[in-house]
Amino acid sequence: MYELVRGPLAWAAFIIFIAGSLYRILYMLAGSKKEKVVFPHMSLKHSLASLVHWVIPFNNQYMKQRPVFTAVSFAFHICLIVTPIFLLAHIILWDESWNISWWSLSETITDYMTIIVIAGCIFFLYRRLTDPVVKNVTDGSDYLLLAITALPFITGFIAYHQWFDYKTMLIIHILAGEIMLIAIPFTRLSHMLFFVFTRSYFGSEQGHVKHSKDW
Amino acid sequence: MRPTIVKREPVVDDAMDRAEAKLTPQQIEKVINEVIDKETGGRLWTYINTCIHCGLCSEACHWFLSNDRDVSFAPVTKVKDTLWVMLKNKGAVDAAFIKRCSQIAHTECNVCRRCGMYCPFGIDIAYMMLVVRRICAKLEMVPLYLQDTVHSHAATMNQMWVKPDEWIDTLQWQEEEGQGYVPSARLPLEKEGAEIMYSVIGPEPKFLAQLLGNITVIMKVAGCDWTMPATAGWDNSNMAMYSGDFEVMARVERLHYETAQRLKVKKIVMGECGHAFRGAEYDGPTWIGWMRPPIPLVHAISFYYDLIKSGRIKIAKQIEGPVTVQYPCNVIRNAGLGSKLQYIMNAVCENFVDLIPNDRHAYCCNAGGGTINCGPPWKKIRVQSARLQSENFKRTGAHTIVTPCHNCHSGIEDVVDGYKLGMKVKFFSELLIEAMEIPEHLKA
Ligand code: HEM
Ligand code: HEM
Ligand code: SF4
Ligand code: SF4
Ligand code: SF4
């Protein structure tokens with residue numbers, strides 16, 4: 001079982017993640033080409049201006065207006081992306097299979113970062129259950145996305161601490177990670193892919209065409 | 001997904017009730033799929049597939065905030081209750097649903113784009129509400145009064161059923177009014193090759209003719225070479241843009257620019273109106289495929305800014321006492337004229353008290369986006385949902401609110417009335433006329 005999830009399934013997950021992401025982005029671009037306004041409105045300068053104001057924490061008025069959310073959201077997303085990439089255990093696997101390796105974070109730090117991601121998921125879950133607006137637009141898919149996001153971190157954490165049966169936990173972890181990779185292009189987790197584009201378009205329409213700003 | 005709990009007083013709107021009675025499921029399905037497939041593309045698809053259902057946009061919307069955070073007014077809820085269902089059911093929805101869509105998109109959203117500025121992805125919910133309006137309009141599900149203005153546009157090429165002779169009579173009458181201030185003032189009709197064509201919205205000759213007298217004086221004092229058309233094409237307003245009847249919208253915008261081209265002017269200066277600017281500057285040209293206006297279009301705020309800044313108009317006596325302003329979304333958030341508006345307000349008023357929030361973050365007056373044009377049946381909820389902005393006005397302690405937009409003007413008159421603010425509502429040009437210097441040689 002370990003050989004299967006570690007080998008062919010991992011291959012499949014990465015291929016689907018990369019190919020699927022490319023497909024979705026190309027599909028989006030083709031759809032945008034169909035529209036008269038999208039490409040003529042784009043401007044590099046205003047796209048970058050918009051991104052600078054929305055990728056850097058507390059760099060626009062609305063983020064300042066909701067400091068707790070902003071802090072959680074940034075901590076969550078930074079740890080979510082940085083942890084798996086600079087995790088020693090992952091890098092060792094890359095090294096074993098491909099003979100490539102890069103700089104890693106200390107295991108204590110990645111352990112804390114994992115906790116931050118899990119805490120972030122709990123925060124989002126809490127909002128989903130209590131904030132009336134969020135609750136009203138929530139259905140099963142939103143909980144599923146949260147679960148897909150949280151599971152690799154929860155199972156990775158358990159495996160690292162060698163709770164329960166290590167081998168089984170590791171297999172579950174790897175499966176959870178693979179599910180997440182596959183889910184990114186084909187669910188609303190694709191917001192990761194589209195963020196740059198939606199922001200760039202709105203920033204361009206707002207700045208280049210409407211001579212205003214979007215922050 | 002559980003349906004949204006919606007509590008509204010029943011409203012009778014004859015046109016919508018009639019449409020509800022006659023629409024068939026087949027018609028509805030066909031139109032929805034046609035609009036989604038043929039008229040939308042990457043934007044709608046990406047917005048729907050990116051929205052993470054976080055609800056952050058709700059904080060932007062004055063409808064939501066003014067109604068004690070009633071979730072049925074939150075921007076993302078408006079999308080849920082319209083497009084999410086249409087897309088999920090592939091257009092298989094009933095007439096009652098389409099009626100509710102029109103209620104949401106036409107009467108409970110000003111397409112002011114504030115929520116787009118507050119969504120972390122920049123998802124443009126106002127655009128999506130315009131898609132919903134488009135679907136409703138193709139199904140003839142449009143509030144009665146709004147549809148009447150669209151009929152007027154289609155039949156007369158102006159919004160208010162103004163007849164050609166009434167138009168010319170009004171201009172001549174207002175030329176004489178202007179001459180009461182400055183005897184040599186002229187309102188030049190059909191002057192080919194003038195630098196400026198001045199255009200206004202339909203309600204000006206109908207209800208607010210004195211504004212035409214004012215501009216006659218201002219143009220004279222500033223020494224501008226200007227003209228107005230004697231033919232249709234003088235009306236720059238465009239309610240068809242807001243109903244969703246984009247074919248009529250395009251006809252209106254085309255004629256407006258063709259009239260300017262016929263008069264061989266260098267630019268169009270337009271009166272104080274937000275939505276008219278939006279239609280002529282953006283929505284019209286992009287729908288037609290021009291992208292940008294073929295002749296430069298200058299909003300009154302920019303025009304007065306240039307005249308005051310360059311000293312062509314001098315201020316003799318500033319307006320006394322605290323004065324505040326409504327920042328019209330369509331020329332501020334969506335056209336970037338905020339600092340120019342602040343400049344001219346400070347120039348003309350002794351004590352300009354700014355709003356909080358101001359500039360592009362200011363709240364909509366809640367009349368825009370065609371909601372005020374939905375008429376008396378929808379007035380109560382509209383005024384009720386402007387509570388937030390009424391409180392913002394109250395805090396300024398101003399005696400006058402300046403509204404460089406016709407929709408804002410009428411909407412804020414209702415707000416002042418409804419919340420007993422006891423403030424006057426004026427256009428900027430009305431202040432300018434009072435404050436500006438009339439040079440000796442022009443005086444009687
Ligand atoms: C696709 C194949 C994947 C494989 C083969 C894999 C493998 C591993 C292994 C071997 C460990 C180490 C367990 C230990 O320390 O004993 C681990 C830990 C971890 N993995 Fe993965 N992983 C995968 C995907 C992912 C993904 C997609 C994520 C998150 C986005 C992720 C997040 C983590 C985390 C957070 C830890 C534990 C960190 C800690 O608490 O110290 N993994 N993974
Ligand atoms: C560069 C990549 C990404 C960007 C720019 C991004 C951006 C965002 C933004 C703007 C939100 C809205 C709420 C907020 O501000 O926190 C959000 C929410 C969220 N994102 Fe991401 N994201 C990215 C990658 C990811 C990835 C890879 C995942 C998981 C696989 C993820 C999972 C989530 C979750 C679970 C939420 C919260 C949804 C809720 O409210 O329940 N994001 N993201
Ligand atoms: S466009 Fe304006 S009125 Fe409409 S939902 Fe957004 S904030 Fe509210
Ligand atoms: S803020 Fe943006 S992503 Fe969040 S619910 Fe509103 S539209 Fe969707
Ligand atoms: S009426 Fe005025 S404030 Fe309201 S949307 Fe138009 S421009 Fe905005």
# chains A, B, ... in the order shown; residues from 1 in each chain; ligands from 1

call {"tool": "residues_near_ligand", "arguments": {"ligand": "ligand 5", "cutoff": "6 Å", "atoms": "only C-alpha atoms and all ligand atoms", "output": "ChimeraX atom specification"}}
result
/B:110,112,274-275,328-330,364-369,405,407-408

call {"tool": "write_last_selection", "arguments": {"atoms": "N, CA and C atoms", "output": "PDB file, in the first residue's frame"}}
result
ATOM      1  N   ASN B 110     -27.455  48.772  -6.197  1.00  0.00           N
ATOM      2  CA  ASN B 110     -27.201  49.978  -6.986  1.00  0.00           C
ATOM      3  C   ASN B 110     -26.063  49.797  -7.974  1.00  0.00           C
ATOM      4  N   CYS B 112     -23.126  49.669  -7.516  1.00  0.00           N
ATOM      5  CA  CYS B 112     -22.211  50.763  -7.189  1.00  0.00           C
ATOM      6  C   CYS B 112     -20.761  50.303  -7.150  1.00  0.00           C
ATOM      7  N   GLY B 274     -24.028  61.055 -12.529  1.00  0.00           N
ATOM      8  CA  GLY B 274     -23.113  59.929 -12.386  1.00  0.00           C
ATOM      9  C   GLY B 274     -23.390  58.822 -13.380  1.00  0.00           C
ATOM     10  N   HIS B 275     -24.649  58.368 -13.425  1.00  0.00           N
ATOM     11  CA  HIS B 275     -24.921  57.207 -14.268  1.00  0.00           C
ATOM     12  C   HIS B 275     -24.755  57.561 -15.737  1.00  0.00           C
ATOM     13  N   PRO B 328     -20.628  60.735  -5.769  1.00  0.00           N
ATOM     14  CA  PRO B 328     -21.375  59.789  -6.623  1.00  0.00           C
ATOM     15  C   PRO B 328     -20.462  58.656  -7.110  1.00  0.00           C
ATOM     16  N   CYS B 329     -20.861  57.440  -6.804  1.00  0.00           N
ATOM     17  CA  CYS B 329     -20.024  56.265  -7.131  1.00  0.00           C
ATOM     18  C   CYS B 329     -19.514  56.274  -8.563  1.00  0.00           C
ATOM     19  N   ASN B 330     -20.417  56.634  -9.458  1.00  0.00           N
ATOM     20  CA  ASN B 330     -20.062  56.450 -10.864  1.00  0.00           C
ATOM     21  C   ASN B 330     -19.049  57.456 -11.378  1.00  0.00           C
ATOM     22  N   CYS B 364     -22.840  54.646  -1.350  1.00  0.00           N
ATOM     23  CA  CYS B 364     -23.799  55.082  -2.354  1.00  0.00           C
ATOM     24  C   CYS B 364     -24.982  55.737  -1.653  1.00  0.00           C
ATOM     25  N   CYS B 365     -25.611  56.677  -2.354  1.00  0.00           N
ATOM     26  CA  CYS B 365     -26.781  57.374  -1.823  1.00  0.00           C
ATOM     27  C   CYS B 365     -27.989  56.437  -1.786  1.00  0.00           C
ATOM     28  N   ASN B 366     -27.858  55.303  -2.420  1.00  0.00           N
ATOM     29  CA  ASN B 366     -28.894  54.292  -2.519  1.00  0.00           C
ATOM     30  C   ASN B 366     -30.003  54.628  -3.513  1.00  0.00           C
ATOM     31  N   ALA B 367     -29.753  55.593  -4.365  1.00  0.00           N
ATOM     32  CA  ALA B 367     -30.731  55.883  -5.414  1.00  0.00           C
ATOM     33  C   ALA B 367     -30.216  55.404  -6.766  1.00  0.00           C
ATOM     34  N   GLY B 368     -28.923  55.168  -6.836  1.00  0.00           N
ATOM     35  CA  GLY B 368     -28.288  54.929  -8.123  1.00  0.00           C
ATOM     36  C   GLY B 368     -28.553  53.547  -8.682  1.00  0.00           C
ATOM     37  N   GLY B 369     -27.958  53.312  -9.840  1.00  0.00           N
ATOM     38  CA  GLY B 369     -28.103  52.005 -10.473  1.00  0.00           C
ATOM     39  C   GLY B 369     -29.515  51.761 -10.953  1.00  0.00           C
ATOM     40  N   CYS B 405     -24.651  64.721  -8.990  1.00  0.00           N
ATOM     41  CA  CYS B 405     -25.244  63.597  -9.726  1.00  0.00           C
ATOM     42  C   CYS B 405     -26.753  63.692  -9.557  1.00  0.00           C
ATOM     43  N   ASN B 407     -29.137  61.374  -9.916  1.00  0.00           N
ATOM     44  CA  ASN B 407     -29.738  60.305  -9.126  1.00  0.00           C
ATOM     45  C   ASN B 407     -29.528  60.564  -7.650  1.00  0.00           C
ATOM     46  N   CYS B 408     -28.291  60.908  -7.305  1.00  0.00           N
ATOM     47  CA  CYS B 408     -27.989  61.199  -5.908  1.00  0.00           C
ATOM     48  C   CYS B 408     -28.896  62.324  -5.425  1.00  0.00           C
TER      49      CYS B 408
END

call {"tool": "residues_near_ligand", "arguments": {"ligand": "ligand 4", "cutoff": "7 Å", "atoms": "only C-alpha atoms and all ligand atoms", "output": "JSON, numbers by chain"}}
result
{"B": [50, 51, 52, 53, 54, 55, 56, 57, 58, 75, 76, 118, 119, 120, 121, 122, 123, 125]}

call {"tool": "interface_residues", "arguments": {"of": "chain B", "to": "chain A", "cutoff": "9 Å", "atoms": "only C-alpha atoms", "output": "ChimeraX atom specification"}}
result
/B:1-5,39-43,45-56,58,69-72,74,76-77,80,116-118,120-124,282,286-287,289,291-292,331-338,360-361

call {"tool": "residues_around", "arguments": {"residues": "region 201-217 of chain B", "least_positions_apart": "4", "cutoff": "8 Å", "atoms": "only C-alpha atoms", "output": "number ranges by chain"}}
result
B: 158-160, 162, 167, 170-171, 174-179, 181-182, 185-187, 221, 234-237, 271, 273, 276, 429-430, 433

call {"tool": "write_last_selection", "arguments": {"atoms": "C-alpha atoms", "output": "compact mmCIF listing (two decimals), in the first residue's frame"}}
result
# COMPACT_ATOMS: atom_id res chain seq x y z
CA ASN B 158 -34.64 60.98 -24.20
CA GLN B 159 -35.58 59.64 -20.82
CA MET B 160 -38.55 61.85 -19.96
CA VAL B 162 -39.58 65.48 -23.77
CA TRP B 167 -36.70 71.01 -25.67
CA THR B 170 -36.93 75.28 -22.64
CA LEU B 171 -33.49 76.19 -23.89
CA GLN B 174 -33.42 79.41 -19.91
CA GLU B 175 -31.23 81.54 -22.14
CA GLU B 176 -33.41 84.46 -21.11
CA GLU B 177 -33.15 83.45 -17.46
CA GLY B 178 -29.38 83.42 -17.79
CA GLN B 179 -29.48 86.83 -19.40
CA TYR B 181 -27.70 87.59 -14.57
CA VAL B 182 -25.44 88.34 -17.48
CA ALA B 185 -25.05 85.31 -22.04
CA ARG B 186 -26.07 83.04 -24.89
CA LEU B 187 -27.17 79.44 -25.15
CA VAL B 221 -18.23 84.02 -17.51
CA TRP B 234 -29.01 65.99 -26.35
CA ASP B 235 -29.88 63.52 -23.59
CA ASN B 236 -26.83 61.75 -22.17
CA SER B 237 -28.76 59.70 -19.63
CA GLY B 271 -23.95 68.09 -16.58
CA CYS B 273 -24.81 63.13 -13.43
CA ALA B 276 -24.95 59.22 -17.48
CA SER B 429 -23.45 74.54 -10.14
CA GLU B 430 -26.06 76.08 -7.86
CA ILE B 433 -23.50 80.52 -9.38

call {"tool": "closest_atom_pairs", "arguments": {"of": "chain A", "to": "ligand 1", "cutoff": "9 Å", "atoms": "only C-alpha atoms and all ligand atoms", "output": "Markdown table"}}
result
| residue | atom | partner | partner_atom_place_in_ligand_line | distance |
| --- | --- | --- | --- | --- |
| A:Val5 | CA | ligand 1 | 5 (C) | 7.4 |
| A:Arg6 | CA | ligand 1 | 5 (C) | 5.3 |
| A:Gly7 | CA | ligand 1 | 5 (C) | 8.4 |
| A:Leu9 | CA | ligand 1 | 1 (C) | 8.2 |
| A:Ala10 | CA | ligand 1 | 1 (C) | 5.2 |
| A:Trp11 | CA | ligand 1 | 1 (C) | 8.3 |
| A:Ala13 | CA | ligand 1 | 1 (C) | 6.8 |
| A:Phe14 | CA | ligand 1 | 1 (C) | 7.3 |
| A:Cys79 | CA | ligand 1 | 35 (C) | 8.9 |
| A:Leu80 | CA | ligand 1 | 30 (C) | 6.1 |
| A:Ile81 | CA | ligand 1 | 30 (C) | 6.7 |
| A:Val82 | CA | ligand 1 | 30 (C) | 8.7 |
| A:Thr83 | CA | ligand 1 | 35 (C) | 6.1 |
| A:Pro84 | CA | ligand 1 | 32 (C) | 4.8 |
| A:Ile85 | CA | ligand 1 | 30 (C) | 8.3 |
| A:Leu87 | CA | ligand 1 | 38 (C) | 6.9 |
| A:Leu88 | CA | ligand 1 | 12 (C) | 7.9 |
| A:Ala89 | CA | ligand 1 | 12 (C) | 4.7 |
| A:His90 | CA | ligand 1 | 8 (C) | 5.4 |
| A:Ile92 | CA | ligand 1 | 10 (C) | 8.2 |
| A:Leu93 | CA | ligand 1 | 10 (C) | 6.9 |
| A:Trp94 | CA | ligand 1 | 5 (C) | 8.9 |
| A:Glu107 | CA | ligand 1 | 41 (O) | 5.8 |
| A:Thr108 | CA | ligand 1 | 41 (O) | 7.1 |
| A:Ile109 | CA | ligand 1 | 41 (O) | 8.0 |
| A:Thr110 | CA | ligand 1 | 41 (O) | 5.3 |
| A:Asp111 | CA | ligand 1 | 40 (O) | 3.9 |
| A:Tyr112 | CA | ligand 1 | 40 (O) | 7.1 |
| A:Met113 | CA | ligand 1 | 40 (O) | 7.7 |
| A:Thr114 | CA | ligand 1 | 35 (C) | 4.9 |
| A:Ile115 | CA | ligand 1 | 40 (O) | 7.3 |
| A:Val117 | CA | ligand 1 | 35 (C) | 8.3 |
| A:Thr149 | CA | ligand 1 | 30 (C) | 7.3 |
| A:Ala150 | CA | ligand 1 | 29 (C) | 8.4 |
| A:Leu151 | CA | ligand 1 | 29 (C) | 8.3 |
| A:Pro152 | CA | ligand 1 | 31 (C) | 5.1 |
| A:Phe153 | CA | ligand 1 | 35 (C) | 4.1 |
| A:Ile154 | CA | ligand 1 | 35 (C) | 7.2 |
| A:Thr155 | CA | ligand 1 | 36 (C) | 7.3 |
| A:Gly156 | CA | ligand 1 | 36 (C) | 3.7 |
| A:Phe157 | CA | ligand 1 | 40 (O) | 3.6 |
| A:Ile158 | CA | ligand 1 | 40 (O) | 7.1 |
| A:Ala159 | CA | ligand 1 | 13 (C) | 5.0 |
| A:Tyr160 | CA | ligand 1 | 15 (O) | 3.6 |
| A:His161 | CA | ligand 1 | 15 (O) | 7.2 |
| A:Gln162 | CA | ligand 1 | 16 (O) | 6.9 |
| A:Tyr166 | CA | ligand 1 | 16 (O) | 7.6 |
| A:Met169 | CA | ligand 1 | 13 (C) | 8.8 |
| A:Leu170 | CA | ligand 1 | 13 (C) | 6.4 |
| A:Ile171 | CA | ligand 1 | 5 (C) | 8.3 |
| A:His173 | CA | ligand 1 | 22 (N) | 6.4 |
| A:Ile174 | CA | ligand 1 | 3 (C) | 4.4 |
| A:Leu175 | CA | ligand 1 | 1 (C) | 7.1 |
| A:Ala176 | CA | ligand 1 | 24 (C) | 7.2 |
| A:Gly177 | CA | ligand 1 | 27 (C) | 3.6 |
| A:Glu178 | CA | ligand 1 | 1 (C) | 4.7 |
| A:Ile179 | CA | ligand 1 | 27 (C) | 7.9 |
| A:Met180 | CA | ligand 1 | 27 (C) | 6.0 |
| A:Leu181 | CA | ligand 1 | 27 (C) | 5.9 |

call {"tool": "residues_around", "arguments": {"residues": "Ala92 (chain B)", "least_positions_apart": "4", "cutoff": "10 Å", "atoms": "only C-alpha atoms", "output": "mmCIF file with all heavy atoms, in the first residue's frame"}}
result
data_model
loop_
_atom_site.group_PDB
_atom_site.id
_atom_site.type_symbol
_atom_site.label_atom_id
_atom_site.label_comp_id
_atom_site.auth_asym_id
_atom_site.auth_seq_id
_atom_site.Cartn_x
_atom_site.Cartn_y
_atom_site.Cartn_z
ATOM 1 N N PRO B 25 -41.808 28.360 -18.387
ATOM 2 C CA PRO B 25 -40.499 27.790 -18.036
ATOM 3 C C PRO B 25 -39.586 27.641 -19.248
ATOM 4 O O PRO B 25 -38.381 27.830 -19.144
ATOM 5 C CB PRO B 25 -40.856 26.422 -17.449
ATOM 6 C CG PRO B 25 -42.283 26.514 -17.033
ATOM 7 C CD PRO B 25 -42.929 27.524 -17.919
ATOM 8 N N GLN B 26 -40.173 27.336 -20.417
ATOM 9 C CA GLN B 26 -39.349 27.164 -21.626
ATOM 10 C C GLN B 26 -38.662 28.472 -21.995
ATOM 11 O O GLN B 26 -37.470 28.503 -22.305
ATOM 12 C CB GLN B 26 -40.198 26.685 -22.816
ATOM 13 C CG GLN B 26 -40.737 25.278 -22.698
ATOM 14 C CD GLN B 26 -41.958 25.191 -21.777
ATOM 15 O OE1 GLN B 26 -42.520 26.211 -21.365
ATOM 16 N NE2 GLN B 26 -42.370 23.980 -21.428
ATOM 17 N N GLN B 27 -39.464 29.577 -21.987
ATOM 18 C CA GLN B 27 -38.893 30.889 -22.310
ATOM 19 C C GLN B 27 -37.741 31.213 -21.364
ATOM 20 O O GLN B 27 -36.673 31.661 -21.787
ATOM 21 C CB GLN B 27 -39.953 31.973 -22.108
ATOM 22 C CG GLN B 27 -40.882 32.211 -23.254
ATOM 23 C CD GLN B 27 -41.959 33.192 -22.808
ATOM 24 O OE1 GLN B 27 -42.556 33.054 -21.752
ATOM 25 N NE2 GLN B 27 -42.194 34.205 -23.626
ATOM 26 N N ILE B 28 -38.001 30.977 -20.102
ATOM 27 C CA ILE B 28 -37.012 31.348 -19.089
ATOM 28 C C ILE B 28 -35.719 30.584 -19.317
ATOM 29 O O ILE B 28 -34.636 31.163 -19.370
ATOM 30 C CB ILE B 28 -37.572 31.069 -17.673
ATOM 31 C CG1 ILE B 28 -38.780 31.983 -17.404
ATOM 32 C CG2 ILE B 28 -36.496 31.287 -16.624
ATOM 33 C CD1 ILE B 28 -39.497 31.692 -16.104
ATOM 34 N N GLU B 29 -35.857 29.282 -19.492
ATOM 35 C CA GLU B 29 -34.670 28.457 -19.659
ATOM 36 C C GLU B 29 -33.866 28.887 -20.886
ATOM 37 O O GLU B 29 -32.643 29.011 -20.842
ATOM 38 C CB GLU B 29 -35.104 26.984 -19.783
ATOM 39 C CG GLU B 29 -33.959 26.029 -19.619
ATOM 40 C CD GLU B 29 -34.423 24.575 -19.627
ATOM 41 O OE1 GLU B 29 -35.570 24.309 -19.213
ATOM 42 O OE2 GLU B 29 -33.633 23.728 -20.046
ATOM 43 N N LYS B 30 -34.587 29.167 -21.957
ATOM 44 C CA LYS B 30 -33.916 29.549 -23.202
ATOM 45 C C LYS B 30 -33.133 30.850 -23.010
ATOM 46 O O LYS B 30 -31.967 30.946 -23.380
ATOM 47 C CB LYS B 30 -34.982 29.701 -24.302
ATOM 48 C CG LYS B 30 -34.422 30.058 -25.647
ATOM 49 C CD LYS B 30 -35.443 29.779 -26.763
ATOM 50 C CE LYS B 30 -35.053 30.475 -28.050
ATOM 51 N NZ LYS B 30 -35.493 31.861 -28.153
ATOM 52 N N ILE B 32 -32.108 32.367 -20.224
ATOM 53 C CA ILE B 32 -30.988 32.275 -19.283
ATOM 54 C C ILE B 32 -29.775 31.653 -19.971
ATOM 55 O O ILE B 32 -28.671 32.191 -19.934
ATOM 56 C CB ILE B 32 -31.376 31.450 -18.035
ATOM 57 C CG1 ILE B 32 -32.396 32.212 -17.193
ATOM 58 C CG2 ILE B 32 -30.127 31.131 -17.200
ATOM 59 C CD1 ILE B 32 -32.885 31.451 -15.973
ATOM 60 N N ASN B 33 -29.998 30.536 -20.645
ATOM 61 C CA ASN B 33 -28.859 29.861 -21.265
ATOM 62 C C ASN B 33 -28.265 30.667 -22.404
ATOM 63 O O ASN B 33 -27.053 30.673 -22.605
ATOM 64 C CB ASN B 33 -29.260 28.458 -21.721
ATOM 65 C CG ASN B 33 -29.521 27.564 -20.512
ATOM 66 O OD1 ASN B 33 -28.836 27.679 -19.493
ATOM 67 N ND2 ASN B 33 -30.528 26.716 -20.599
ATOM 68 N N VAL B 85 -28.322 29.704 -8.494
ATOM 69 C CA VAL B 85 -29.463 28.821 -8.778
ATOM 70 C C VAL B 85 -29.625 28.627 -10.283
ATOM 71 O O VAL B 85 -29.814 27.512 -10.772
ATOM 72 C CB VAL B 85 -30.755 29.391 -8.153
ATOM 73 C CG1 VAL B 85 -31.930 28.492 -8.449
ATOM 74 C CG2 VAL B 85 -30.570 29.601 -6.652
ATOM 75 N N MET B 86 -29.540 29.735 -11.035
ATOM 76 C CA MET B 86 -29.689 29.615 -12.494
ATOM 77 C C MET B 86 -28.652 28.659 -13.065
ATOM 78 O O MET B 86 -28.957 27.826 -13.922
ATOM 79 C CB MET B 86 -29.498 30.981 -13.161
ATOM 80 C CG MET B 86 -30.577 31.995 -12.863
ATOM 81 S SD MET B 86 -30.229 33.482 -13.833
ATOM 82 C CE MET B 86 -31.327 34.661 -13.062
ATOM 83 N N LEU B 87 -27.401 28.781 -12.608
ATOM 84 C CA LEU B 87 -26.338 27.951 -13.166
ATOM 85 C C LEU B 87 -26.512 26.496 -12.733
ATOM 86 O O LEU B 87 -26.349 25.579 -13.533
ATOM 87 C CB LEU B 87 -24.971 28.475 -12.728
ATOM 88 C CG LEU B 87 -24.581 29.825 -13.355
ATOM 89 C CD1 LEU B 87 -23.351 30.412 -12.677
ATOM 90 C CD2 LEU B 87 -24.320 29.677 -14.851
ATOM 91 N N LYS B 88 -26.862 26.308 -11.474
ATOM 92 C CA LYS B 88 -27.015 24.953 -10.969
ATOM 93 C C LYS B 88 -28.152 24.235 -11.701
ATOM 94 O O LYS B 88 -28.020 23.077 -12.087
ATOM 95 C CB LYS B 88 -27.303 25.011 -9.466
ATOM 96 C CG LYS B 88 -27.497 23.658 -8.816
ATOM 97 C CD LYS B 88 -27.278 23.743 -7.299
ATOM 98 C CE LYS B 88 -27.801 22.507 -6.606
ATOM 99 N NZ LYS B 88 -29.264 22.629 -6.300
#

call {"tool": "select_by_dssp", "arguments": {"residues": "region 100-309 of chain B", "states": "alpha helix (DSSP H)", "output": "count of residues only"}}
result
112

call {"tool": "closest_atom_pairs", "arguments": {"of": "region 255-326 of chain B", "to": "region 438-441 of chain B", "cutoff": "10 Å", "atoms": "only C-alpha atoms", "output": "tab-separated table"}}
result
residue	atom	partner	partner_atom	distance
B:Ile313	CA	B:Ile438	CA	8.6
B:Lys314	CA	B:Ile438	CA	8.3
B:Ile315	CA	B:Ile438	CA	9.1
B:Ala316	CA	B:Ile438	CA	8.2

call {"tool": "write_last_selection", "arguments": {"atoms": "N, CA, C and O atoms", "output": "PDB file, in the first residue's frame"}}
result
ATOM      1  N   ILE B 313     -12.739  80.962 -13.822  1.00  0.00           N
ATOM      2  CA  ILE B 313     -13.825  81.380 -12.944  1.00  0.00           C
ATOM      3  C   ILE B 313     -13.209  81.693 -11.597  1.00  0.00           C
ATOM      4  O   ILE B 313     -12.434  80.893 -11.061  1.00  0.00           O
ATOM      5  N   LYS B 314     -13.524  82.884 -11.091  1.00  0.00           N
ATOM      6  CA  LYS B 314     -12.981  83.260  -9.788  1.00  0.00           C
ATOM      7  C   LYS B 314     -14.091  83.227  -8.751  1.00  0.00           C
ATOM      8  O   LYS B 314     -15.249  83.500  -9.063  1.00  0.00           O
ATOM      9  N   ILE B 315     -13.724  82.888  -7.550  1.00  0.00           N
ATOM     10  CA  ILE B 315     -14.718  82.827  -6.483  1.00  0.00           C
ATOM     11  C   ILE B 315     -14.741  84.164  -5.756  1.00  0.00           C
ATOM     12  O   ILE B 315     -13.715  84.626  -5.246  1.00  0.00           O
ATOM     13  N   ALA B 316     -15.901  84.800  -5.729  1.00  0.00           N
ATOM     14  CA  ALA B 316     -16.005  86.120  -5.100  1.00  0.00           C
ATOM     15  C   ALA B 316     -16.342  85.964  -3.620  1.00  0.00           C
ATOM     16  O   ALA B 316     -15.774  86.636  -2.762  1.00  0.00           O
TER      17      ALA B 316
END

call {"tool": "residues_around", "arguments": {"residues": "Pro404 (chain B)", "least_positions_apart": "6", "cutoff": "6 Å", "atoms": "only C-alpha atoms", "output": "PyMOL selection string"}}
result
chain B and resi 272+427-428

call {"tool": "write_last_selection", "arguments": {"atoms": "all heavy atoms", "output": "compact mmCIF listing (two decimals), in the first residue's frame"}}
result
# COMPACT_ATOMS: atom_id res chain seq x y z
N GLU B 272 -24.12 67.50 -14.27
CA GLU B 272 -23.77 66.74 -13.07
C GLU B 272 -24.62 65.49 -12.97
O GLU B 272 -25.70 65.49 -12.42
CB GLU B 272 -23.97 67.63 -11.83
CG GLU B 272 -23.06 68.84 -11.84
CD GLU B 272 -23.35 69.81 -10.71
OE1 GLU B 272 -23.40 69.38 -9.55
OE2 GLU B 272 -23.54 71.01 -11.00
N PHE B 427 -27.11 71.06 -6.38
CA PHE B 427 -26.05 70.71 -7.34
C PHE B 427 -24.88 71.64 -7.13
O PHE B 427 -25.03 72.76 -6.62
CB PHE B 427 -26.57 70.84 -8.77
CG PHE B 427 -27.55 69.77 -9.12
CD1 PHE B 427 -28.92 70.02 -9.08
CD2 PHE B 427 -27.11 68.50 -9.47
CE1 PHE B 427 -29.83 69.02 -9.38
CE2 PHE B 427 -28.02 67.50 -9.77
CZ PHE B 427 -29.37 67.75 -9.73
N PHE B 428 -23.71 71.21 -7.57
CA PHE B 428 -22.55 72.06 -7.41
C PHE B 428 -22.73 73.38 -8.15
O PHE B 428 -22.37 74.44 -7.66
CB PHE B 428 -21.28 71.35 -7.89
CG PHE B 428 -20.06 72.19 -7.72
CD1 PHE B 428 -19.47 72.32 -6.48
CD2 PHE B 428 -19.54 72.90 -8.79
CE1 PHE B 428 -18.36 73.14 -6.30
CE2 PHE B 428 -18.43 73.71 -8.62
CZ PHE B 428 -17.84 73.83 -7.37

call {"tool": "atom_distance", "arguments": {"atom1": "atom 22 (N, counted along the ligand's line) of ligand 2", "atom2": "CA of Phe17 (chain A)"}}
result
15.5 Å
